[in-house]
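Structure first, commentary second.
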Amino acid sequence: MLTVRLIRREARTAWPVAVVLALLAVLLTVVPLSWPPRFDRLAAGSFADRVAAAQQSGPLLAASSQTVPRVGDLGFDLVRRGSLDKDLAFLGTAVRDQAGPHLAAALGSPTARAETPAVSALGDGLPAPYGRPPRVSLAYAQPVPGGAPLAYVQGRAPQQPVPEDPGSAAPPTPIEVAVSEATRDQLKLTVGQTFRLADTDWRTPVVLVGVFRAGSGGDRLWQQFPLLAGPRTVAAQTGQELDGTLLTTSGGLEQAEHRGTVVLQLAWDFPVAIDRTGPAATGPALAALRAELAGLHAVDSSKLCAGQFDGQCQLTGHAVPTVRLTDGLTAQLDEFAVRRGRTEQLQSFALAGLLTVVVATAVAAARLGARRRAGAFALQLARGARSGGIAARLLVEAAGPVGLGVAVGRVLAGWLAPPGAALGSALPVLVAAVLVWCAPAAVLLATAGRGRPPGGARRLVLDGLVLLLAAAGVAALRARGTFTGSGVDPQLALVPGLLGLVTVVLLVRLLPPVLLRAARWAGRAPGPVPLVALSRAAAQSGASALALLVLVLAMAGGVFGGLVSRTLADSRDQVADWRTGGAPVAVVGPVDHLPQELPAVGRRVRIVGLSGALTSQDDGTSYPGAQLVGLDGAALRAAAPGSALARALAAAGPAAAPTGAGGPDGGEPVLPALADPALAARFPDGSFEVAAPGMPHFLVHLVGALPADALRDPVLGPVLGSGPRSGPLLVLDGPAADRLPAQPGHLSAELLYGPGLDPAALRAAVRQAGPVAGAVPVQVRDRAGELAALRGDGLIRSLQLGYRVATGLSLVLALLALALELVLGGPERARTTSYLRTLGLGGRAVLGLQLLQLLPVLAAAAVGGTVLGLLLPGALGPGLRLGPLTGGPFEPAAHIDWTTTAVLGGALTVLVLTAAALEAVIARRRGLGAVLRLGEAL
């Protein structure tokens with residue numbers, strides 16, 4: 001009968017097991033609850049860094065519109081003077097107010113700008129390139145908070161104009177403007193010069209009051225108004241013209257509006273700042289942020305200004321009918337969500353392995369408890385008790401320590417988690433806690449009434465079931481491919497545990513015959529220690545299956561975690577090389593805007609890139625989106641002798657091939673090139689016409705195929721970018737590369753080699769050259785800086801930290817499980833040792849006996865765990881892809897971390913040696929009468 005008194009008496013007997021279960025409950029609660037908020041904090045930092053880096057090249061969220069001028073009865077625009085700044089701020093704030101709470105928390109105060117249409121610049125001394133006057137626009141930008149002011153080299157900045165009397169007959173006051181040095185030189189302007197801006201819709205005089213240096217005042221101004229840095233020749237309806245931009249004030253634009261029908265182009269930039277300390281990067285927060293961005297796109301512009309000007313948005317008295325949103329933040333969100341999801345899935349792998357080890361350790365503790373109380377259980381069964389009733393009593397006994405451990409773990413998790421952060425999901429805690437709670441009862445029910453291990457048929461069925469489940473799990477995981485959901489991937493978390501069981505099944509099946517054969521060999525050697533140790537190890541191999549499982553899972557998890565960490569580390573190096581072309585420093589930008597003069601440079605290799613459509617001259621097949629890369633192969637071989645692309649160019653010799661002419665009129669150049677294997681296989685000796693907007697047509701002739709290692713050469717990285725390549729790739733060398741036309745806006749690179757390269761000095765030189773009108777900004781990438789940014793990624797750091805913690809805890813639990821197994825098998829080993837001592841066995845021989853008995857378990861666990869950890873990437877297949885984490889165009893190859901593997905093997909060796917030494921010490925101190933009885937048969 002189940003009584004509280006009986007439970008209390010037996011609980012006092014089983015207190016060691018209760019302590020172990022309580023400690024395991026604390027561990028299984030602390031880790032799943034405290035780690036997710038820590039991970040969320042690291043993920044928020046990673047997301048914040050990515051958003052900040054993306055905004056360096058332009059705003060991620062912007063709005064744009066234009067005014068619709070209203071003409072009054074007197075024929076001039078109804079302009080409200082002094083309201084432009086206020087109206088721009090009001091409209092920007094109105095757009096921001098439409099954002100949901102998550103998006104609004106990430107958006108900063110908008111900064112606005114306005115620009116007039118381009119009109120002709122007329123006046124004495126102004127040039128007329130291409131037979132027509134230059135066309136310029138007036139621009140105004142609100143200052144960016146914290147931004148540096150423009151550096152004026154002549155004159156001063158434009159000032160707000162003095163209000164004019166609308167009815168005055170005096171000539172209009174010139175609008176004050178400022179220009180860059182390049183604009184001053186090309187338009188031949190001088191400070192104080194007055195000239196006219198005129199078009200069919202409006203005209204006004206302007207006066208030049210200042211000249212500033214392009215590139216000063218921060219990068220945002222030149223991104224907003226690229227023509228402010230200098231005029232640019234553009235295509236007109238007939239021929240070409242020179243376009244530029246003049247800088248003025250908000251009052252200057254209001255003056256221009258008052259002097260004609262001026263349609264202002266408006267834009268607002270919304271800075272995005274992710275809170276590094278909050279839950280901005282959690283799965284629900286990312287989903288909410290994306291939904292709110294979609295909602296902001298769907299906002300009705302007519303509702304932005306409800307309650308003002310009869311519900312219609314106005315700026316300086318003119319209507320602003322529609323506000324359009326430009327969104328680059330959604331793409332960043334989607335990319336980061338994929339990276340975060342992959343990180344969570346890999347972390348769930350480590351967590352599942354750790355919880356499996358916890359449960360296995362709990363079973364080991366339950367087996368020890370069942371052995372200690374075997375006599376009491378047998379007596380109760382003899383008196384008529386049922387196994388189910390005893391198991392129910394064990395559940396009641398275990399509920400106390402497990403419940404206490406979960407409660408303590410919950411408190412510790414709250415203390416370890418960041419303040420105010422939500423703890424992780426309670427589901428893995430609940431599942432693991434139930435399994436630990438049920439371990440004593442399950443062990444009793446599994447062993448009740450059974451005095452010997454299960455028969456061969458039953459073992460075969462159980463082993464077959466484990467193999468079938470593992471095979472089904474692996475097949476389903478490989479057939480499914482990459483996990484597309486969010487959060488924990490159940491298949492990826494459970495399959496490695498099943499593979500660990502398969503490994504243990506194989507080891508338990510293989511160990512006895514191997515050890516018995518070794519024992520027969522040891523029988524021919526002098527001394528009984530090897531024979532006895534190996535024979536007992538073979539006999540007890542089945543009983544050590546649980547210890548094997550714990551050791552194998554700990555070893556496999558550590559090896560796999562080291563493999564993931566090493567693969568990520570090596571992939572970071574590859575991505576850094578890809579971004580810098582494998583050179584210490586790379587200057588990346590359009591080829592016609594790369595600086596010619598750079599300080600302290602040894603060797604330089606220019607990589608020219610362009611893209612266009614290929615049309616086969618054989619059958620007319622068209623290949624859009626082809627990438628063409630030109631370089632000097634000899635210079636690359638001298639600067640980077642290990643370059644695979646340089647070797648391929650030298651072997652093919654396209655530089656020596658003739659560069660002729662072809663095409664319908666015989667006037668198009670024919671350039672030899674190496675092609676990617678797919679294109680070269682279809683057209684071994686083919687010719688293609690290359691066509692791209694803004695470039696003359698030319699022909700390429702294929703002279704060979706690029707080998708696989710050349711396609712992965714980092715030299716191509718700055719030109720091809722980090723995304724996957726979708727179109728054909730052609731590489732040109734020598735004179736053919738020199739004849740490639742410059743494509744506006746396409747990235748090229750200058751790879752810099754040599755000792756003492758100073759990235760800071762190179763960036764200063766690029767900044768001093770100033771921004772180029774309408775061009776992609778020129779970047780200076782140094783390998784050390786790129787690598788530091790990649791190493792600081794919070795997602796990768798969290799993954800590596802998670803595997804280190806899981807491996808360390810698994811090893812501690814492996815030590816505990818092994819100690820429990822040693823205690824469980826201690827009486828049998830003590831009887832054998834004591835008997836051998838009566839036959840004259842010495843202390844050193846006792847230590848050797850203990851070592852040899854434990855050595856097979858150690859060797860099996862080390863080999864099985866290492867092999868399992870190394871085979872997991874291949875077994876999991878597409879379910880384990882690290883590409884989303886590392887970036888770059890290629891999926892990283894798995895690299896083994898031999899250092900971690902060796903450290904884990906050493907840790908297991910120390911663990912077993914320590915256990916053997918303790919066992920030997922205890923055996924020497926144990927009296928023979930403690931385990932042997934007079935007249936007992938041995």
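Going by the structure tokens order, chains are called A, B, ..., each with residues numbered from 1, while ligands are numbered from 1 in the order shown.
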
Notebook entry, point to check: Looking only at the backbone, which of the residues in region 206-345 of chain A does DSSP tag as strand (DSSP E), as number ranges by chain?
Noted result: A: 206-212, 232-235, 240-247, 265-269, 314-315, 318-319, 324-327

Next item on the list: Would you mind reading off the distance between CA of Ala294 (chain A) and CA of Gly108 (chain A), one decimal, in Å?
Entry: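 Atom-to-atom, CA of Ala294 (chain A) to CA of Gly108 (chain A), that is 18.5 Å.
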
Check: Hey, what's within 10 Å of region 276-278 of chain A if we count only C-alpha atoms and toss same-chain stuff fewer than 5 positions away? As a list in words, please?
Finding: Pro37, Asp40, Arg41, Leu42, Ala43, Ala44, Gly45, Ser46, Phe47, Ala48, Asp49, Pro418, Pro419, Gly420 and Ala421 of chain A

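For Leu674 (chain A), the non-local neighbours within 10 Å, defined as residues at least 5 positions apart in the same chain or in other chains and counting only C-alpha atoms, are Leu628, Val629, Ala648, Leu649, Ala652, Gly653, Pro654, Leu679, Ala680, Val700, His701, Leu702, Val703, Gly704, Ala705, Leu706, Pro707, Leu729, Leu730, Val731, Leu732 and Asp733 of chain A.
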
Margin query: Excluding Glu181 (chain A) and its own-chain neighbours fewer than 4 positions away, which residues fall within 9 Å of it when counting only C-alpha atoms? Please give them as a VMD selection string.
Written below: chain A and resid 153 185 to 186 211 to 214 229 to 230
